[in-house]
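Raw contents of my_file-v3.cif, mmCIF, C-alpha atoms and all ligand atoms:
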```cif
data_start
loop_
_atom_site.label_atom_id
_atom_site.label_comp_id
_atom_site.auth_asym_id
_atom_site.auth_seq_id
_atom_site.Cartn_x
_atom_site.Cartn_y
_atom_site.Cartn_z
CA MET Y 1 0.00 0.00 0.00
CA LEU Y 2 1.26 3.45 -0.84
CA VAL Y 3 1.04 6.28 1.63
CA SER Y 4 -0.61 9.33 0.13
CA GLY Y 5 -0.15 13.01 0.74
CA LEU Y 6 3.54 12.93 1.60
CA PRO Y 7 5.77 15.95 1.19
CA ALA Y 8 7.83 16.19 -1.96
CA ILE Y 9 11.42 15.78 -0.86
CA ARG Y 10 14.58 14.38 -2.26
CA ALA Y 11 14.59 10.63 -1.93
CA ALA Y 12 17.45 10.50 0.47
CA ASP Y 13 18.03 13.80 2.22
CA ILE Y 14 16.88 15.46 5.39
CA ARG Y 15 18.01 18.76 6.94
CA ILE Y 16 18.63 18.77 10.68
CA GLY Y 17 19.01 22.01 12.66
CA PHE Y 18 22.11 21.52 14.81
CA PHE Y 19 22.57 22.96 18.32
CA TYR Y 20 18.96 24.03 18.22
CA ASP Y 21 18.04 26.60 20.92
CA GLN Y 22 21.69 27.66 21.24
CA GLU Y 23 22.94 31.00 19.97
CA ILE Y 24 26.09 30.12 18.08
CA TYR Y 25 28.42 32.92 16.95
CA SER Y 26 31.55 30.99 16.13
CA ALA Y 27 32.35 27.36 15.25
CA VAL Y 28 35.14 25.18 13.87
CA PHE Y 29 34.47 22.84 10.95
CA SER Y 30 36.81 19.97 10.14
CA VAL Y 31 36.83 17.14 7.63
CA VAL Y 32 37.04 13.76 9.36
CA GLN Y 33 36.67 11.50 6.33
CA GLY Y 34 36.26 11.91 2.57
CA GLU Y 35 36.58 15.03 0.42
CA TYR Y 36 34.56 18.22 0.54
CA ILE Y 37 34.17 21.40 -1.45
CA LEU Y 38 33.51 24.74 0.23
CA LEU Y 39 30.98 27.03 -1.42
CA GLY Y 40 30.31 30.66 -0.48
CA ASP Y 41 26.97 32.00 -1.74
CA GLY Y 42 26.87 29.13 -4.22
CA ASP Y 43 30.35 29.66 -5.72
CA GLN Y 44 33.05 27.10 -5.19
CA ILE Y 45 35.88 28.50 -3.07
CA ARG Y 46 38.13 25.50 -2.70
CA SER Y 47 38.28 21.76 -2.10
CA LEU Y 48 39.05 20.27 1.30
CA ARG Y 49 40.62 17.00 2.33
CA SER Y 50 40.60 15.02 5.52
CA GLY Y 51 42.13 17.07 8.33
CA SER Y 52 41.18 20.48 6.86
CA ILE Y 53 40.05 22.88 9.59
CA PHE Y 54 38.07 26.13 9.17
CA LEU Y 55 36.92 28.80 11.59
CA ILE Y 56 33.44 30.18 10.89
CA ASP Y 57 32.32 33.46 12.50
CA TYR Y 58 29.19 35.53 12.55
CA THR Y 59 30.07 39.18 11.81
CA SER Y 60 28.03 42.23 10.89
CA ASP Y 61 29.36 41.82 7.30
CA GLY Y 62 28.13 38.22 7.07
CA ILE Y 63 29.65 34.84 7.75
CA THR Y 64 33.41 34.85 7.57
CA VAL Y 65 35.45 31.72 6.98
CA LYS Y 66 39.18 31.23 7.34
CA ASP Y 67 41.82 28.57 7.80
CA THR Y 68 45.33 28.90 9.22
CA ALA Y 69 46.64 30.23 5.90
CA GLN Y 70 44.08 32.78 4.82
CA SER Y 71 40.67 34.37 5.13
CA TYR Y 72 38.14 33.70 2.34
CA GLY Y 73 35.83 36.65 2.88
CA ALA Y 74 32.26 37.16 4.14
CA PHE Y 75 29.15 35.44 2.80
CA ASP Y 76 25.43 35.09 3.39
CA GLN Y 77 25.64 31.31 3.14
CA LEU Y 78 28.34 28.69 3.38
CA GLU Y 79 28.13 25.11 2.25
CA PHE Y 80 30.55 22.30 2.99
CA ARG Y 81 29.49 19.66 0.46
CA GLY Y 82 30.80 16.10 0.68
CA ILE Y 83 31.83 14.79 -2.74
CA SER Y 84 33.27 11.34 -2.08
CA SER Y 85 31.30 8.18 -1.35
CA GLU Y 86 31.65 8.51 2.44
CA ASN Y 87 31.91 12.00 3.94
CA VAL Y 88 32.14 12.72 7.64
CA PHE Y 89 32.69 16.10 9.28
CA SER Y 90 32.93 17.55 12.76
CA ILE Y 91 31.46 20.86 13.88
CA LYS Y 92 32.46 22.38 17.21
CA PRO Y 93 30.89 25.58 18.52
CA VAL Y 94 33.60 27.72 20.13
CA TYR Y 95 31.43 30.66 21.14
CA PRO Y 96 29.67 29.49 23.15
CA SER Y 97 31.84 26.44 23.70
CA LEU Y 98 29.82 23.25 23.19
CA GLU Y 99 30.68 19.63 22.58
CA ALA Y 100 31.54 18.86 18.96
CA LYS Y 101 29.14 16.89 16.78
CA GLU Y 102 30.39 14.47 14.19
CA SER Y 103 28.03 13.65 11.35
CA ASP Y 104 27.63 12.44 7.79
CA ASP Y 105 27.38 14.34 4.51
CA ASP Y 106 26.96 18.12 4.20
CA LEU Y 107 26.98 21.17 6.48
CA LEU Y 108 25.15 24.40 5.63
CA VAL Y 109 25.68 27.66 7.51
CA SER Y 110 23.47 30.73 7.26
CA THR Y 111 22.38 33.46 9.66
CA SER Y 112 19.18 34.28 11.43
CA GLY Y 113 18.95 37.36 13.59
CA GLN Y 114 22.50 37.89 14.78
CA LYS Y 115 23.64 34.30 15.04
CA LEU Y 116 24.61 31.34 12.92
CA THR Y 117 22.13 28.73 11.73
CA ILE Y 118 23.94 25.40 11.40
CA ILE Y 119 22.25 22.70 9.35
CA ASN Y 120 23.34 19.15 8.64
CA ARG Y 121 21.95 17.92 5.29
CA LEU Y 122 22.32 14.16 5.21
CA ASP Y 123 21.00 10.92 3.87
CA LEU Y 124 17.75 10.01 5.65
CA GLU Y 125 18.96 6.50 6.48
CA LYS Y 126 22.12 7.88 8.09
CA TYR Y 127 19.98 10.24 10.14
CA ILE Y 128 17.89 7.25 11.23
CA ALA Y 129 21.02 5.31 12.24
CA GLY Y 130 22.31 8.22 14.33
CA THR Y 131 18.94 8.67 16.01
CA LEU Y 132 18.71 4.91 16.66
CA GLU Y 133 22.01 5.00 18.49
CA THR Y 134 20.97 8.08 20.48
CA GLU Y 135 17.64 6.47 21.44
CA GLY Y 136 18.55 2.83 21.91
CA GLY Y 137 22.23 2.87 22.81
CA PRO Y 138 24.85 0.82 20.95
CA ASP Y 139 24.10 -2.67 22.31
CA ALA Y 140 20.41 -3.37 21.68
CA PRO Y 141 19.16 -6.38 19.67
CA VAL Y 142 18.82 -6.01 15.89
CA GLU Y 143 15.05 -6.59 15.67
CA TYR Y 144 14.52 -3.83 18.23
CA TYR Y 145 16.62 -1.47 16.09
CA LYS Y 146 14.49 -2.35 13.07
CA ALA Y 147 11.24 -1.63 14.93
CA GLN Y 148 12.61 1.67 16.27
CA ALA Y 149 13.90 2.59 12.79
CA VAL Y 150 10.38 2.34 11.36
CA LEU Y 151 9.13 4.65 14.14
CA ILE Y 152 11.91 7.19 13.62
CA ARG Y 153 11.38 7.20 9.84
CA THR Y 154 7.62 7.58 10.23
CA TYR Y 155 8.13 10.52 12.59
CA ALA Y 156 10.64 12.17 10.25
CA VAL Y 157 8.35 11.93 7.22
CA LYS Y 158 5.21 12.92 9.13
CA ASN Y 159 6.91 15.96 10.68
CA PHE Y 160 9.01 16.86 7.67
CA HIS Y 161 7.90 20.50 7.65
CA ARG Y 162 8.01 21.09 11.39
CA HIS Y 163 10.87 23.62 11.17
CA ALA Y 164 10.31 24.73 7.59
CA PHE Y 165 10.17 28.42 8.53
CA GLU Y 166 13.68 28.10 9.99
CA GLY Y 167 15.11 26.49 6.86
CA PHE Y 168 15.40 22.87 7.98
CA ASN Y 169 13.18 19.85 8.57
CA LEU Y 170 13.77 18.65 12.15
CA CYS Y 171 15.86 19.90 15.04
CA ASP Y 172 18.42 17.79 16.89
CA ARG Y 173 16.63 17.98 20.27
CA GLN Y 174 13.91 16.04 22.06
CA HIS Y 175 11.48 18.57 20.59
CA CYS Y 176 11.73 16.47 17.43
CA GLN Y 177 13.95 13.41 17.94
CA ALA Y 178 17.29 13.60 19.74
CA PHE Y 179 20.12 13.29 17.20
CA ASN Y 180 23.67 13.31 18.54
CA GLY Y 181 25.28 12.84 15.15
CA LYS Y 182 26.83 9.89 13.44
CA SER Y 183 26.15 6.34 14.56
CA ARG Y 184 29.66 5.09 15.20
CA TRP Y 185 29.69 2.40 17.87
CA ASN Y 186 27.89 -0.41 16.13
CA GLU Y 187 27.63 -0.82 12.36
CA GLU Y 188 24.74 -3.26 12.81
CA ILE Y 189 22.58 -0.22 13.61
CA TYR Y 190 22.91 1.28 10.14
CA LYS Y 191 22.26 -2.15 8.56
CA ALA Y 192 19.18 -2.64 10.75
CA GLY Y 193 17.82 0.71 9.59
CA LEU Y 194 18.53 -0.12 5.93
CA ALA Y 195 16.80 -3.49 6.31
CA THR Y 196 13.56 -1.51 6.83
CA GLU Y 197 14.30 1.12 4.16
CA ASN Y 198 11.19 3.07 3.09
CA GLU Y 199 8.99 1.38 5.69
CA VAL Y 200 6.61 3.56 7.71
CA LEU Y 201 3.63 2.87 9.96
CA ALA Y 202 0.26 4.05 8.72
CA ASP Y 203 -3.40 3.47 9.45
CA HIS Y 204 -5.78 1.79 7.01
CA ASP Y 205 -6.54 5.13 5.37
CA GLY Y 206 -2.88 5.64 4.54
CA GLN Y 207 -2.36 8.35 7.17
CA LEU Y 208 1.02 8.18 8.86
CA ALA Y 209 0.76 7.13 12.49
CA ASN Y 210 1.75 9.01 15.61
CA THR Y 211 4.64 6.72 16.49
CA ALA Y 212 5.12 7.53 20.15
CA TYR Y 213 7.64 5.61 22.25
CA HIS Y 214 8.99 5.74 25.78
CA ALA Y 215 11.56 3.97 27.96
CA ASN Y 216 9.37 1.61 30.02
CA CYS Y 217 5.59 1.30 30.36
CA GLY Y 218 5.62 -0.38 33.78
CA GLY Y 219 3.55 -3.31 32.48
CA LEU Y 220 0.68 -1.40 30.87
CA THR Y 221 0.93 1.17 28.10
CA ALA Y 222 -1.18 4.33 28.26
CA SER Y 223 -3.83 5.34 25.78
CA ALA Y 224 -3.29 8.57 23.89
CA ALA Y 225 -6.63 9.68 25.32
CA THR Y 226 -5.39 9.33 28.93
CA ALA Y 227 -1.97 10.80 28.31
CA TRP Y 228 -2.74 13.56 25.81
CA ASN Y 229 -6.50 13.98 25.42
CA GLU Y 230 -6.11 12.72 21.88
CA ASP Y 231 -8.12 9.70 20.92
CA LEU Y 232 -6.12 7.54 18.52
CA SER Y 233 -7.52 4.05 18.20
CA TYR Y 234 -4.12 2.45 17.57
CA LEU Y 235 -2.68 3.91 20.80
CA THR Y 236 -4.70 1.92 23.32
CA PRO Y 237 -3.53 0.24 26.54
CA VAL Y 238 -1.51 -2.93 26.01
CA ASN Y 239 -0.56 -5.31 28.82
CA ASP Y 240 3.19 -5.68 28.48
CA PRO Y 241 4.83 -8.64 30.24
CA PHE Y 242 8.18 -8.00 28.53
CA CYS Y 243 9.50 -5.01 30.49
CA SER Y 244 8.95 -6.30 34.03
CA GLU Y 245 12.61 -7.20 34.66
CA SER Y 246 14.02 -4.06 33.04
CA ALA Y 247 15.86 -1.23 34.70
CA HIS Y 248 13.07 1.36 34.68
CA ASN Y 249 10.08 -0.81 35.56
CA GLN Y 250 9.53 0.52 39.08
CA TRP Y 251 10.26 3.59 41.14
CA SER Y 252 9.23 5.14 44.42
CA LYS Y 253 9.39 8.55 46.02
CA ILE Y 254 8.90 9.61 49.62
CA ILE Y 255 7.37 12.98 50.49
CA SER Y 256 6.95 14.24 54.03
CA MET Y 257 3.38 14.55 55.25
CA ASN Y 258 3.86 18.29 55.79
CA GLU Y 259 5.06 18.88 52.26
CA TRP Y 260 2.21 16.77 50.87
CA ARG Y 261 -0.39 18.58 52.95
CA GLN Y 262 0.94 21.94 51.75
CA TYR Y 263 1.04 20.72 48.15
CA LEU Y 264 -2.59 19.61 48.24
CA PHE Y 265 -3.59 22.83 50.01
CA ASN Y 266 -2.06 24.84 47.15
CA LYS Y 267 -4.23 22.81 44.80
CA GLY Y 268 -7.33 23.63 46.84
CA ILE Y 269 -7.50 20.23 48.54
CA THR Y 270 -7.67 19.95 52.33
CA PHE Y 271 -9.33 16.57 52.78
CA PRO Y 272 -8.89 13.66 52.27
CA LEU Y 273 -5.10 13.43 52.03
CA LEU Y 274 -5.16 10.25 49.97
CA PRO Y 275 -7.08 9.86 46.71
CA ASP Y 276 -10.40 8.09 47.00
CA ASN Y 277 -10.45 6.69 43.47
CA MET Y 278 -7.14 4.85 43.68
CA THR Y 279 -7.13 1.28 42.46
CA PRO Y 280 -4.22 -1.03 43.06
CA LEU Y 281 -1.91 -1.27 40.07
CA PRO Y 282 -2.32 -2.14 37.31
CA SER Y 283 -4.61 0.56 36.05
CA ARG Y 284 -3.79 3.92 34.63
CA LEU Y 285 -5.85 6.86 35.79
CA LYS Y 286 -6.05 10.35 34.41
CA TYR Y 287 -7.10 12.05 37.67
CA PHE Y 288 -6.90 11.35 41.36
CA THR Y 289 -10.03 12.51 43.15
CA PHE Y 290 -10.08 13.92 46.67
CA GLY Y 291 -13.75 14.25 47.50
CA GLU Y 292 -15.10 16.86 45.09
CA ARG Y 293 -11.67 17.91 43.88
CA ARG Y 294 -9.63 16.42 41.07
CA LEU Y 295 -5.87 16.39 40.60
CA LEU Y 296 -4.49 15.70 37.12
CA ILE Y 297 -1.87 12.98 37.49
CA SER Y 298 0.18 14.48 34.68
CA GLU Y 299 0.34 17.66 36.78
CA LEU Y 300 1.45 15.70 39.83
CA ARG Y 301 4.12 14.06 37.69
CA GLN Y 302 5.39 17.42 36.52
CA ASP Y 303 5.31 19.04 39.97
CA PHE Y 304 7.35 16.28 41.63
CA GLN Y 305 9.43 15.36 38.55
CA LEU Y 306 8.14 11.78 38.70
CA LYS Y 307 9.37 9.18 36.22
CA SER Y 308 5.83 8.32 35.16
CA SER Y 309 2.18 9.09 35.85
CA TYR Y 310 1.40 5.44 36.66
CA LEU Y 311 1.40 5.21 40.44
CA THR Y 312 -0.32 4.59 43.74
CA ILE Y 313 -0.12 6.76 46.85
CA SER Y 314 0.01 5.49 50.41
CA GLN Y 315 0.79 6.80 53.87
CA GLN Y 316 3.57 5.34 55.97
CA GLY Y 317 3.90 7.06 59.33
CA ASN Y 318 4.73 10.71 58.73
CA ASN Y 319 5.43 10.17 55.06
CA ILE Y 320 3.55 9.84 51.84
CA VAL Y 321 4.96 7.15 49.56
CA LEU Y 322 4.46 7.28 45.81
CA ASN Y 323 4.97 3.86 44.24
CA GLY Y 324 5.20 4.02 40.50
CA ARG Y 325 5.89 1.93 37.46
CA GLY Y 326 7.60 2.71 34.20
CA TYR Y 327 9.53 5.66 32.83
CA GLY Y 328 8.07 8.14 30.35
CA HIS Y 329 4.58 8.94 29.09
CA GLY Y 330 3.75 5.27 28.50
CA VAL Y 331 2.17 5.76 25.06
CA GLY Y 332 3.07 3.56 22.09
CA LEU Y 333 6.18 1.40 21.99
CA CYS Y 334 7.87 0.49 25.28
CA GLN Y 335 11.58 0.48 24.43
CA GLU Y 336 12.72 -1.88 27.19
CA GLY Y 337 9.84 -4.25 26.45
CA ALA Y 338 10.62 -4.13 22.73
CA MET Y 339 14.27 -4.96 23.42
CA GLU Y 340 13.20 -7.97 25.48
CA MET Y 341 10.77 -9.11 22.77
CA ALA Y 342 13.68 -9.02 20.30
CA ARG Y 343 15.90 -10.96 22.71
CA VAL Y 344 13.38 -13.77 23.06
CA GLY Y 345 12.94 -14.12 19.31
CA PHE Y 346 10.19 -11.81 18.07
CA VAL Y 347 10.85 -9.98 14.81
CA TYR Y 348 10.31 -6.26 14.35
CA VAL Y 349 6.91 -6.58 12.69
CA ASP Y 350 5.66 -8.59 15.71
CA ILE Y 351 7.03 -5.90 18.03
CA LEU Y 352 5.33 -3.06 16.15
CA MET Y 353 2.01 -4.90 15.90
CA PHE Y 354 2.13 -5.69 19.61
CA TYR Y 355 2.43 -2.06 20.73
CA PHE Y 356 0.43 -0.38 17.92
CA ARG Y 357 -2.96 -1.89 17.15
CA ASP Y 358 -4.48 -2.08 13.67
CA LEU Y 359 -1.70 -0.32 11.83
CA VAL Y 360 0.07 -1.46 8.68
CA ILE Y 361 3.63 -1.16 7.49
CA SER Y 362 3.57 0.89 4.30
CA GLN Y 363 6.17 1.76 1.71
CA TYR Y 364 7.15 5.39 1.75
CA HIS Y 365 8.10 6.81 -1.63
CA SER Y 366 9.08 10.43 -1.86
CA GLU Y 367 8.72 12.33 -5.09
CA ALA Y 368 12.40 12.16 -5.74
CA THR Y 369 14.39 14.82 -7.48
CA VAL Y 370 18.03 14.62 -8.49
CA LYS Y 371 20.61 15.71 -5.95
ZN ZN B 401 12.20 20.27 16.72
ZN ZN B 402 6.60 -2.12 28.87
#
```

Let me see whether you can do it: turn the structure in this file into structure tokens.
Amino acid sequence: MLVSGLPAIRAADIRIGFFYDQEIYSAVFSVVQGEYILLGDGDQIRSLRSGSIFLIDYTSDGITVKDTAQSYGAFDQLEFRGISSENVFSIKPVYPSLEAKESDDDLLVSTSGQKLTIINRLDLEKYIAGTLETEGGPDAPVEYYKAQAVLIRTYAVKNFHRHAFEGFNLCDRQHCQAFNGKSRWNEEIYKAGLATENEVLADHDGQLANTAYHANCGGLTASAATAWNEDLSYLTPVNDPFCSESAHNQWSKIISMNEWRQYLFNKGITFPLLPDNMTPLPSRLKYFTFGERRLLISELRQDFQLKSSYLTISQQGNNIVLNGRGYGHGVGLCQEGAMEMARVGFVYVDILMFYFRDLVISQYHSEATVK
């Protein structure tokens, strides 16, 4: 089945806004692998080989670029374009000083306001591999990586225009999907992504799915309706036996009775001090009720920085004890459960169909143009 209504993009490329939310004035670019050409306002300035290093600065005249030998002038836009089969670069902000990012393919630099806009234009599958490593770490099972790759690709295509007004597709932060640059610790990750090339999750009408995921569901995933007030039939609660032994399955937090009493008072609640609608786990509630009053559990989670909104509350002496399960919003795929499913022999399609109900894997075909 073909997915309809997708954005027209190049078959292989995506633009990622680097160091999003940071105001970068100065950065160092270096070639790690392959060969590049440097273009200023579209004109070729020179070619660069591995080890070449350039300092890029925002100035009132434009973007200046120089190496140890000379300065090349000021431009509105710079492009470092990889021209060999494998091209890897590093970009290190020096003002402010931030950790360098190493990534594949091209780097574009422009300005917005009085700062640099730094964009990595790279092959979509390489972006997926980098995001897979950021999300799943370097040692997860292959079928988990494949399942997660389909989710990351679906998100990227569905949200392709999210940052269009800033000149790129997605940012490198949690706001979109965290992308720390090149996948470099495990080459199986890139292969796992490629093994699912073009595959996305869609509903039966061909609409791309909301492919939410989280670290651990605590044994029961949350519906989109409970977590976000958004009723999506494929994001319904799933009993998950696979994550029970994992690192983030359970948590607890102790709050003094005085602090709890004050907290409830600030919410307009004086009595009772324990919710009266609490059921023993497992069930996920949206509100706790205290007599006539209601407390949104998502608000409680935020106020106390809890790992999840799946919890019970009890009193032990002069303390209130919050006993919770899981880590994250609980909607969609449970990463630790999915890893365990892969370990015990399920393949990625099984994993996706377990966490997302009534969806299909579709082939994504962009309206390709020539690079
Ligand atoms: Zn974003
Ligand atoms: Zn789970």

If you count all atoms listed in the file, which residues fall within 10 Å of Ser97 in chain Y, apart from same-chain ones fewer than 3 positions away, as a PyMOL selection string? chain Y and resi 24-27+92-94+100

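Proximity to ligand ZN 402 (chain B) was assessed for Y:Glu143, Y:Asp13, Y:Glu340, Y:Glu197 counting all atoms listed in the file; the smallest distance is recorded for Y:Glu340.
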
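Separating CA of Ser309 in chain Y from CA of Arg325 in chain Y is a distance of 8.2 Å.
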
Correct to one decimal, the distance CA of Trp251 in chain Y-CA of Gly345 in chain Y is 28.2 Å

Contact residues around Leu322 in chain Y with all atoms listed in the file at 12 Å, ignoring same-chain residues under 5 positions, as a ChimeraX atom specification: /Y:250-257,260,274-275,297,300-301,304-316

Ligand ZN 401 (chain B): which residues are within 7 Å, counting all atoms listed in the file? Reply as a list in words. Arg162, His163, Leu170, Cys171, Asp172, Arg173, His175 and Cys176 of chain Y

For the residues in that selection, give me C-alpha atoms as a PDB file, in the frame of the given file.
```pdb
ATOM      1  CA  ARG Y 162       8.010  21.090  11.390  1.00  0.00           C
ATOM      2  CA  HIS Y 163      10.870  23.620  11.170  1.00  0.00           C
ATOM      3  CA  LEU Y 170      13.770  18.650  12.150  1.00  0.00           C
ATOM      4  CA  CYS Y 171      15.860  19.900  15.040  1.00  0.00           C
ATOM      5  CA  ASP Y 172      18.420  17.790  16.890  1.00  0.00           C
ATOM      6  CA  ARG Y 173      16.630  17.980  20.270  1.00  0.00           C
ATOM      7  CA  HIS Y 175      11.480  18.570  20.590  1.00  0.00           C
ATOM      8  CA  CYS Y 176      11.730  16.470  17.430  1.00  0.00           C
TER       9      CYS Y 176
END
```

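Selecting all polymer residues at most 6 Å from ligand ZN 402 (chain B), using all atoms listed in the file, gives Asn216, Cys217, Gly218, Gly219, Asp240, Cys243, Cys334 and Gly337 of chain Y.
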